[in-house]
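**Student:** Pasting a structure below so you can have a look.
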There are 2 protein chains.
Amino acid sequence: MTAREEGAAVGWEPDCPVPRHEAERVLLGHGSGGLLMAELLRDLVGPALGTEGPLEDAAVVPLGGPSPAGELLLSTDSFVVSPRFFPGGDIGSLAVHGTVNDLAMRGAQPVALTLAYILEEGLPLAELRRVTESVAAAAAAAGVPVLTGDTKVVERGTADGLYVTTTGLGVRPPGVDPSATRGRPGDLVLLSGPIGCHGTAILSARESLGFESEIVSDSRPLHRLVAAMLAAGGDGVHALRDPTRGGLATALNELAAASGVAVELVDGDIPVPDDVAAACDLLGLDPLHVANEGCLVALVDAAVADAVLDAMRARPEGRGTCVVGRVTGGEPGRVTSRTLVGSSRVVSVLLGEQLPRIC
Amino acid sequence: MTAREEGAAVGWEPDCPVPRHEAERVLLGHGSGGLLMAELLRDLVGPALGTEGPLEDAAVVPLGGPSPAGELLLSTDSFVVSPRFFPGGDIGSLAVHGTVNDLAMRGAQPVALTLAYILEEGLPLAELRRVTESVAAAAAAAGVPVLTGDTKVVERGTADGLYVTTTGLGVRPPGVDPSATRGRPGDLVLLSGPIGCHGTAILSARESLGFESEIVSDSRPLHRLVAAMLAAGGDGVHALRDPTRGGLATALNELAAASGVAVELVDGDIPVPDDVAAACDLLGLDPLHVANEGCLVALVDAAVADAVLDAMRARPEGRGTCVVGRVTGGEPGRVTSRTLVGSSRVVSVLLGEQLPRIC
């Protein structure tokens, strides 16, 4: 299979070939959340582990029988964001929100977190304290305990200060199963809020970019929003994804590919704050590829979409929810966007690396 | 409280004061598993998280009610071992064994693992594949699935190739509760095998030390050994610990302190392989402080100790089990060792750092 054929299989048209001859080593793009990363997981990690199937944000624990409370799910994420402190959050709160949200995207409420630190020799203890207090505050606000943890220290020069890995255990009530594979033609595409704030906030905090703004990361927990959606729409909430690395475009491409459907967006309906749009213009970024940490995109049965929309808008983190497109029976895996002048463009996954260490 | 008083409170007599004036920054010793690390957790991480209490290898998940299968436990660990490949294992198998064993030390059998990678740009993909295949093989051998994972990439120079974080979910059958707090006077101290192999194997693999040996790491999963112990001794298996960072001495000091008991070892009864003893002599290390990854120490009610001993010796990983001491009502937290000439010496926790990145 050539690169082009693989791209076509997931509804993606490469603008240029992925640099495979460089692919004998890990590239920054392998961590981007985009196509290179998907290939790494599909071609190397998956086969080496003996696993396959579409990528989900969290996995169901095979326990033999159901727990009385529901199914158990696990999710894990390492966080290497740079800088560690940014407008709207820090690596500690981000680690909590990221893992809570990955559980939520499968319909689970978090019941426990674990916390593992890799520390660079020389890190000021005050920074470690500040990050840990941020973890604690974010966990308390999300209503989930940090149960256990681990600390490793590596020599100067072999880590960039501090890396955090959080793992979450969640419980999913019976009768719901949002999954990347369950999008169906006729579903509406709901987006819980404006896009692009997290990625551009991180960039504005990188002094070396010489770019300043008032943009604040949208980092926040989404599990209560998901609970409200499931209460309103039940099993009609087909698929959920938080468009983190790779942005909304990549998230929708993954959902479309996993569900074997097409997605049609309407460009003008996608909320991009003015200052985010300006920053993206300045930096040459597509807001659809910029990472988010506090919004979600959902594929929802049209029959329950109004009820779900109302439930979302009733919550502070979902106040800005809008319908941004629909699922169709078009070419499986293809995401397109209708522009304001009526033409249609392909919305591709992020190819390599947009900007490293966004989360 | 002075350092000396704190040391006394955990039954430890410092040979030299811990360098507190340097403690405004993370030191390599904070990752050692010894006293500096215990202080970091007690004085900074614990208060910042709002948690307290004795350290356990894994934590019970508060689920409201018991699952039919038993209680759920979580454990997490990051692995930064250098070199990544060493006699008897690699960072992948070590990550699986370490997490499986932490669950086992609380009496739980593993049911799921998660896997998070932090990769340095430039890492050969062949190494990533080799490590991942090792994770898969170790997980399969332990009978536990790797359910989900994460991959982050950082720029050259901001990680040393590859760091791995594994988190394990375990199920503990009803009626058993081995805990660091449950040692009682009269308990026997059982050790499942010879000590010092992992740490000295890692050292022998560090070319820069100019030291070579045939020593092989003892890295292996211990959950089946624990299951056999619990089947034979039930709730009489009071406390379990795998003496990893900080070695047997630190593990026993932690158990003695958490249980408020004293431990008396018999020097000559502790199995130290000849080549490990020779390597430790050469490098100026105390084998009691050297890390292990494939043995456990248990405080077991004397009434069931024979049955537990027989059950342990019936398994390959417990064939070398022996009684190395007993728990007494002496000064709480104090660990002593009777020497061959009849005198008694204090066995202290590891103070700062013996050797970094042993796991």
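Chain labels A, B, ... are given in the sequence in which chains occur in the structure tokens; within each chain residues are numbered consecutively from 1, and ligands are likewise numbered from 1 in the order shown.
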Pull out every residue of chain B that has at least one atom within 6 Å of chain A, counting only C-alpha atoms, and report them as a PyMOL selection string.
**Tutor:** chain B and resi 24-28+31+48-49+59+67+76-77+121-125+132-133+136+147-150+152-153+158-160
**Student:** What would the file look like if the residues just selected were written as a CSV table (one decimal), in the first residue's frame with C-alpha atoms?
**Tutor:**
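Result file is again_18.csv:
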chain,number,residue,atom,x,y,z
B,24,GLU,CA,15.5,23.6,47.4
B,25,ARG,CA,15.9,21.7,44.2
B,26,VAL,CA,15.2,18.1,43.1
B,27,LEU,CA,18.2,16.0,43.7
B,28,LEU,CA,19.0,12.6,42.2
B,31,GLY,CA,14.3,9.3,43.3
B,48,ALA,CA,0.2,19.3,48.3
B,49,LEU,CA,-2.2,16.5,47.4
B,59,ALA,CA,-4.2,1.8,46.5
B,67,SER,CA,-17.3,-5.6,43.0
B,76,THR,CA,1.4,3.3,38.7
B,77,ASP,CA,5.1,3.6,38.1
B,121,GLU,CA,13.1,12.7,18.9
B,122,GLY,CA,15.6,10.5,17.1
B,123,LEU,CA,15.0,7.3,19.0
B,124,PRO,CA,15.5,4.4,16.5
B,125,LEU,CA,12.1,3.0,15.7
B,132,THR,CA,7.0,-2.7,22.9
B,133,GLU,CA,7.4,-6.3,21.9
B,136,ALA,CA,3.7,-7.4,25.1
B,147,LEU,CA,-5.6,-2.2,27.3
B,148,THR,CA,-4.7,1.3,26.2
B,149,GLY,CA,-1.8,3.7,26.0
B,150,ASP,CA,-0.4,7.0,25.0
B,152,LYS,CA,4.3,11.7,23.5
B,153,VAL,CA,7.5,12.9,21.7
B,158,THR,CA,14.8,16.6,26.6
B,159,ALA,CA,14.5,12.8,27.4
B,160,ASP,CA,17.0,10.0,27.4
**Student:** Can you pull out the residues contacting Ala307 (chain B)? Cut-off 9 Å, using only C-alpha atoms, and skip same-chain residues under 6 positions away; I want them as a PyMOL selection string.
**Tutor:** chain B and resi 229+232-233
**Student:** Which distance in Å separates CA of Asn253 (chain B) and CA of Val276 (chain B), to one decimal?
**Tutor:**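 Interatomic distance here is 22.1 Å.
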**Student:** Write out as a list in words each polymer residue whose atoms come within 8 Å of Ala279 (chain A), counting only C-alpha atoms; drop sequence neighbours fewer than 4 positions from it.
**Tutor:**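 These residues fall inside the cut-off: Thr200, Asp275 and Leu283 of chain A.
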**Student:** Check the DSSP output for the backbone and give back, as a tab-separated table (two decimals) with all heavy atoms, in the first residue's frame, the residues of region 37-129 of chain A in helix (DSSP H, G or I).
**Tutor:**
chain	number	residue	atom	x	y	z
A	37	MET	N	1.51	9.93	13.74
A	37	MET	CA	1.28	9.22	14.98
A	37	MET	C	0.33	8.04	14.77
A	37	MET	O	0.56	6.95	15.29
A	37	MET	CB	0.70	10.18	16.01
A	37	MET	CG	0.51	9.52	17.33
A	37	MET	SD	0.23	10.79	18.57
A	37	MET	CE	-0.80	9.85	19.66
A	38	ALA	N	-0.70	8.26	13.98
A	38	ALA	CA	-1.63	7.16	13.71
A	38	ALA	C	-0.90	6.00	13.04
A	38	ALA	O	-1.13	4.83	13.34
A	38	ALA	CB	-2.78	7.66	12.83
A	39	GLU	N	0.03	6.35	12.12
A	39	GLU	CA	0.80	5.30	11.45
A	39	GLU	C	1.71	4.57	12.43
A	39	GLU	O	1.86	3.34	12.36
A	39	GLU	CB	1.64	5.92	10.33
A	39	GLU	CG	0.82	6.36	9.13
A	39	GLU	CD	1.68	6.89	8.00
A	39	GLU	OE1	2.92	7.03	8.20
A	39	GLU	OE2	1.12	7.15	6.93
A	40	LEU	N	2.33	5.32	13.34
A	40	LEU	CA	3.21	4.68	14.33
A	40	LEU	C	2.42	3.68	15.16
A	40	LEU	O	2.88	2.56	15.41
A	40	LEU	CB	3.81	5.76	15.24
A	40	LEU	CG	4.80	5.25	16.29
A	40	LEU	CD1	6.13	4.92	15.63
A	40	LEU	CD2	5.02	6.28	17.39
A	41	LEU	N	1.24	4.08	15.58
A	41	LEU	CA	0.42	3.19	16.40
A	41	LEU	C	-0.06	1.99	15.58
A	41	LEU	O	-0.04	0.86	16.06
A	41	LEU	CB	-0.78	3.96	16.97
A	41	LEU	CG	-0.40	5.12	17.89
A	41	LEU	CD1	-1.64	5.83	18.39
A	41	LEU	CD2	0.43	4.62	19.07
A	42	ARG	N	-0.45	2.26	14.34
A	42	ARG	CA	-1.01	1.19	13.51
A	42	ARG	C	0.07	0.22	13.04
A	42	ARG	O	-0.13	-0.99	13.02
A	42	ARG	CB	-1.71	1.80	12.30
A	42	ARG	CG	-2.44	0.81	11.42
A	42	ARG	CD	-2.77	1.43	10.08
A	42	ARG	NE	-1.54	1.86	9.40
A	42	ARG	CZ	-1.51	2.74	8.42
A	42	ARG	NH1	-2.62	3.31	8.00
A	42	ARG	NH2	-0.35	3.06	7.85
A	43	ASP	N	1.24	0.78	12.68
A	43	ASP	CA	2.26	-0.05	12.02
A	43	ASP	C	3.29	-0.62	13.00
A	43	ASP	O	3.96	-1.60	12.69
A	43	ASP	CB	3.00	0.75	10.95
A	43	ASP	CG	2.06	1.20	9.83
A	43	ASP	OD1	0.97	0.60	9.71
A	43	ASP	OD2	2.41	2.15	9.12
A	44	LEU	N	3.47	0.01	14.15
A	44	LEU	CA	4.53	-0.45	15.05
A	44	LEU	C	3.97	-0.85	16.42
A	44	LEU	O	4.06	-2.01	16.81
A	44	LEU	CB	5.60	0.64	15.20
A	44	LEU	CG	6.90	0.23	15.90
A	44	LEU	CD1	8.05	1.11	15.48
A	44	LEU	CD2	6.80	0.19	17.41
A	45	VAL	N	3.36	0.10	17.12
A	45	VAL	CA	2.94	-0.20	18.50
A	45	VAL	C	1.84	-1.26	18.52
A	45	VAL	O	1.93	-2.24	19.28
A	45	VAL	CB	2.49	1.08	19.23
A	45	VAL	CG1	1.97	0.75	20.62
A	45	VAL	CG2	3.65	2.07	19.32
A	46	GLY	N	0.85	-1.08	17.66
A	46	GLY	CA	-0.26	-2.04	17.63
A	46	GLY	C	0.20	-3.46	17.34
A	46	GLY	O	-0.05	-4.37	18.13
A	47	PRO	N	0.92	-3.67	16.22
A	47	PRO	CA	1.41	-5.03	15.93
A	47	PRO	C	2.32	-5.58	17.03
A	47	PRO	O	2.24	-6.76	17.37
A	47	PRO	CB	2.17	-4.85	14.61
A	47	PRO	CG	1.54	-3.66	13.97
A	47	PRO	CD	1.15	-2.75	15.10
A	48	ALA	N	3.19	-4.72	17.59
A	48	ALA	CA	4.10	-5.22	18.62
A	48	ALA	C	3.32	-5.66	19.86
A	48	ALA	O	3.69	-6.62	20.54
A	48	ALA	CB	5.13	-4.14	18.99
A	49	LEU	N	2.24	-4.96	20.15
A	49	LEU	CA	1.42	-5.33	21.31
A	49	LEU	C	0.41	-6.42	20.96
A	49	LEU	O	-0.21	-7.01	21.86
A	49	LEU	CB	0.65	-4.12	21.85
A	49	LEU	CG	1.44	-3.10	22.65
A	49	LEU	CD1	0.54	-1.93	23.03
A	49	LEU	CD2	2.02	-3.74	23.92
A	91	ILE	N	0.75	22.23	33.67
A	91	ILE	CA	0.88	20.81	33.34
A	91	ILE	C	0.11	19.93	34.32
A	91	ILE	O	-0.38	18.85	33.95
A	91	ILE	CB	2.38	20.41	33.25
A	91	ILE	CG1	2.56	19.04	32.60
A	91	ILE	CG2	3.04	20.46	34.63
A	91	ILE	CD1	4.02	18.68	32.30
A	92	GLY	N	-0.07	20.41	35.57
A	92	GLY	CA	-0.79	19.61	36.56
A	92	GLY	C	-2.28	19.57	36.30
A	92	GLY	O	-2.89	18.49	36.22
A	93	SER	N	-2.89	20.74	36.12
A	93	SER	CA	-4.33	20.76	35.85
A	93	SER	C	-4.62	20.11	34.50
A	93	SER	O	-5.61	19.37	34.34
A	93	SER	CB	-4.88	22.19	35.89
A	93	SER	OG	-4.19	23.02	34.98
A	94	LEU	N	-3.74	20.35	33.54
A	94	LEU	CA	-3.94	19.76	32.21
A	94	LEU	C	-3.94	18.23	32.27
A	94	LEU	O	-4.73	17.56	31.60
A	94	LEU	CB	-2.82	20.24	31.28
A	94	LEU	CG	-2.92	19.85	29.81
A	94	LEU	CD1	-4.12	20.53	29.17
A	94	LEU	CD2	-1.65	20.23	29.08
A	95	ALA	N	-3.04	17.68	33.11
A	95	ALA	CA	-2.96	16.22	33.23
A	95	ALA	C	-4.25	15.65	33.80
A	95	ALA	O	-4.73	14.60	33.36
A	95	ALA	CB	-1.76	15.83	34.10
A	96	VAL	N	-4.81	16.35	34.78
A	96	VAL	CA	-6.08	15.88	35.36
A	96	VAL	C	-7.20	15.99	34.33
A	96	VAL	O	-7.95	15.04	34.08
A	96	VAL	CB	-6.42	16.68	36.63
A	96	VAL	CG1	-7.83	16.35	37.11
A	96	VAL	CG2	-5.39	16.38	37.72
A	97	HIS	N	-7.31	17.16	33.69
A	97	HIS	CA	-8.39	17.36	32.72
A	97	HIS	C	-8.28	16.40	31.54
A	97	HIS	O	-9.27	15.84	31.08
A	97	HIS	CB	-8.39	18.80	32.22
A	97	HIS	CG	-8.64	19.81	33.31
A	97	HIS	ND1	-8.27	21.12	33.22
A	97	HIS	CD2	-9.22	19.67	34.53
A	97	HIS	CE1	-8.62	21.76	34.32
A	97	HIS	NE2	-9.18	20.90	35.14
A	98	GLY	N	-7.06	16.21	31.06
A	98	GLY	CA	-6.87	15.34	29.90
A	98	GLY	C	-7.34	13.93	30.16
A	98	GLY	O	-8.02	13.31	29.32
A	99	THR	N	-7.01	13.41	31.33
A	99	THR	CA	-7.38	12.02	31.63
A	99	THR	C	-8.86	11.91	31.98
A	99	THR	O	-9.55	10.96	31.54
A	99	THR	CB	-6.47	11.49	32.74
A	99	THR	OG1	-5.14	11.39	32.20
A	99	THR	CG2	-6.90	10.12	33.21
A	100	VAL	N	-9.38	12.86	32.74
A	100	VAL	CA	-10.82	12.87	33.03
A	100	VAL	C	-11.61	12.92	31.72
A	100	VAL	O	-12.60	12.20	31.53
A	100	VAL	CB	-11.16	14.07	33.94
A	100	VAL	CG1	-12.66	14.35	33.93
A	100	VAL	CG2	-10.67	13.82	35.36
A	101	ASN	N	-11.16	13.75	30.78
A	101	ASN	CA	-11.89	13.91	29.53
A	101	ASN	C	-11.81	12.67	28.65
A	101	ASN	O	-12.77	12.33	27.96
A	101	ASN	CB	-11.39	15.15	28.78
A	101	ASN	CG	-11.77	16.42	29.50
A	101	ASN	OD1	-12.56	16.39	30.45
A	101	ASN	ND2	-11.21	17.55	29.08
A	102	ASP	N	-10.67	12.00	28.66
A	102	ASP	CA	-10.58	10.78	27.86
A	102	ASP	C	-11.56	9.72	28.38
A	102	ASP	O	-12.15	8.98	27.59
A	102	ASP	CB	-9.15	10.23	27.88
A	102	ASP	CG	-8.25	10.96	26.89
A	102	ASP	OD1	-8.76	11.75	26.09
A	102	ASP	OD2	-7.04	10.71	26.91
A	103	LEU	N	-11.72	9.63	29.69
A	103	LEU	CA	-12.73	8.72	30.24
A	103	LEU	C	-14.13	9.17	29.83
A	103	LEU	O	-14.97	8.36	29.42
A	103	LEU	CB	-12.63	8.67	31.76
A	103	LEU	CG	-11.40	7.98	32.34
A	103	LEU	CD1	-11.33	8.19	33.85
A	103	LEU	CD2	-11.41	6.48	32.03
A	104	ALA	N	-14.36	10.48	29.93
A	104	ALA	CA	-15.69	11.01	29.62
A	104	ALA	C	-16.08	10.74	28.18
A	104	ALA	O	-17.25	10.50	27.88
A	104	ALA	CB	-15.72	12.51	29.92
A	125	LEU	N	12.06	22.86	43.91
A	125	LEU	CA	10.99	22.16	44.63
A	125	LEU	C	9.72	23.00	44.64
A	125	LEU	O	8.61	22.46	44.70
A	125	LEU	CB	11.43	21.84	46.05
A	125	LEU	CG	12.47	20.72	46.19
A	125	LEU	CD1	12.74	20.42	47.66
A	125	LEU	CD2	12.01	19.46	45.48
A	126	ALA	N	9.87	24.32	44.59
A	126	ALA	CA	8.68	25.18	44.58
A	126	ALA	C	7.82	24.90	43.35
A	126	ALA	O	6.59	24.95	43.42
A	126	ALA	CB	9.10	26.65	44.60
A	127	GLU	N	8.47	24.58	42.23
A	127	GLU	CA	7.69	24.27	41.02
A	127	GLU	C	6.96	22.94	41.18
A	127	GLU	O	5.82	22.80	40.76
A	127	GLU	CB	8.61	24.21	39.79
A	127	GLU	CG	8.97	25.57	39.29
A	127	GLU	CD	9.29	25.55	37.80
A	127	GLU	OE1	8.61	24.84	37.02
A	127	GLU	OE2	10.23	26.24	37.43
A	128	LEU	N	7.66	21.98	41.77
A	128	LEU	CA	7.01	20.68	41.99
A	128	LEU	C	5.81	20.84	42.91
A	128	LEU	O	4.75	20.25	42.69
A	128	LEU	CB	8.02	19.71	42.60
A	128	LEU	CG	7.49	18.32	42.93
A	128	LEU	CD1	6.96	17.61	41.69
A	128	LEU	CD2	8.56	17.47	43.60
A	129	ARG	N	5.99	21.70	43.93
A	129	ARG	CA	4.87	21.93	44.86
A	129	ARG	C	3.70	22.59	44.13
A	129	ARG	O	2.55	22.19	44.26
A	129	ARG	CB	5.33	22.79	46.04
A	129	ARG	CG	4.27	23.01	47.10
A	129	ARG	CD	4.79	23.80	48.29
A	129	ARG	NE	5.77	23.07	49.08
A	129	ARG	CZ	7.08	23.36	49.12
A	129	ARG	NH1	7.56	24.38	48.44
A	129	ARG	NH2	7.89	22.64	49.86
**Student:** Could you please determine the separation between CA of Arg106 (chain A) and CA of Pro273 (chain A) in Å, to one decimal place?
**Tutor:**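 We find that CA of Arg106 (chain A) and CA of Pro273 (chain A) lie 27.8 Å from each other.
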**Student:** Can you list, as a list in words, every protein, DNA or RNA residue that comes within 7 Å of region 294-306 of chain B when you count only C-alpha atoms, leaving out same-chain residues fewer than 3 positions away?
**Tutor:**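 After dropping sequence-adjacent residues, the list is Gly183, Gly186, Asp187, Leu188, Val189, Leu190, Leu191, Ser192, Gly193, Asp218, Ser219, Arg220, Pro221, Leu222, Gly233, Gly236, Val237, His238, Ala239, Leu240, Arg241, Asp242, Pro243, Leu309 and Asp310 of chain B.
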**Student:** Could you pull the residues within 8 Å of Pro174 (chain B), counting only C-alpha atoms, minus those fewer than 2 positions along the same chain, as an MDAnalysis selection string?
**Tutor:** chainID B and resid 70:71 172 176
**Student:** Measure the distance from CA of Thr181 (chain B) to CA of Pro194 (chain B) in Å and round it to one decimal.
**Tutor:**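 So the two atoms, CA of Thr181 (chain B) and CA of Pro194 (chain B), lie 24.7 Å apart.
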**Student:** When you look at Val341 (chain A) with a cut-off of 12 Å (counting only C-alpha atoms), what residues show up, excluding the ones that are within fewer than 6 positions of it in the same chain? I need them as a ChimeraX atom specification.
**Tutor:** /A:266-268
**Student:** Any chance you could export the current selection's N, CA, C and O atoms as a PDB file, in the first residue's frame?
**Tutor:**
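Heads up, here's the output in result-v1.pdb:
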ATOM      1  N   VAL A 266     -19.926  22.857   8.048  1.00  0.00           N
ATOM      2  CA  VAL A 266     -20.177  24.161   7.426  1.00  0.00           C
ATOM      3  C   VAL A 266     -19.192  25.136   8.041  1.00  0.00           C
ATOM      4  O   VAL A 266     -19.234  25.405   9.245  1.00  0.00           O
ATOM      5  N   ASP A 267     -18.264  25.597   7.201  1.00  0.00           N
ATOM      6  CA  ASP A 267     -17.160  26.445   7.661  1.00  0.00           C
ATOM      7  C   ASP A 267     -17.623  27.552   8.603  1.00  0.00           C
ATOM      8  O   ASP A 267     -17.093  27.743   9.693  1.00  0.00           O
ATOM      9  N   GLY A 268     -18.630  28.287   8.164  1.00  0.00           N
ATOM     10  CA  GLY A 268     -19.054  29.462   8.914  1.00  0.00           C
ATOM     11  C   GLY A 268     -19.684  29.135  10.252  1.00  0.00           C
ATOM     12  O   GLY A 268     -19.841  30.020  11.099  1.00  0.00           O
TER      13      GLY A 268
END
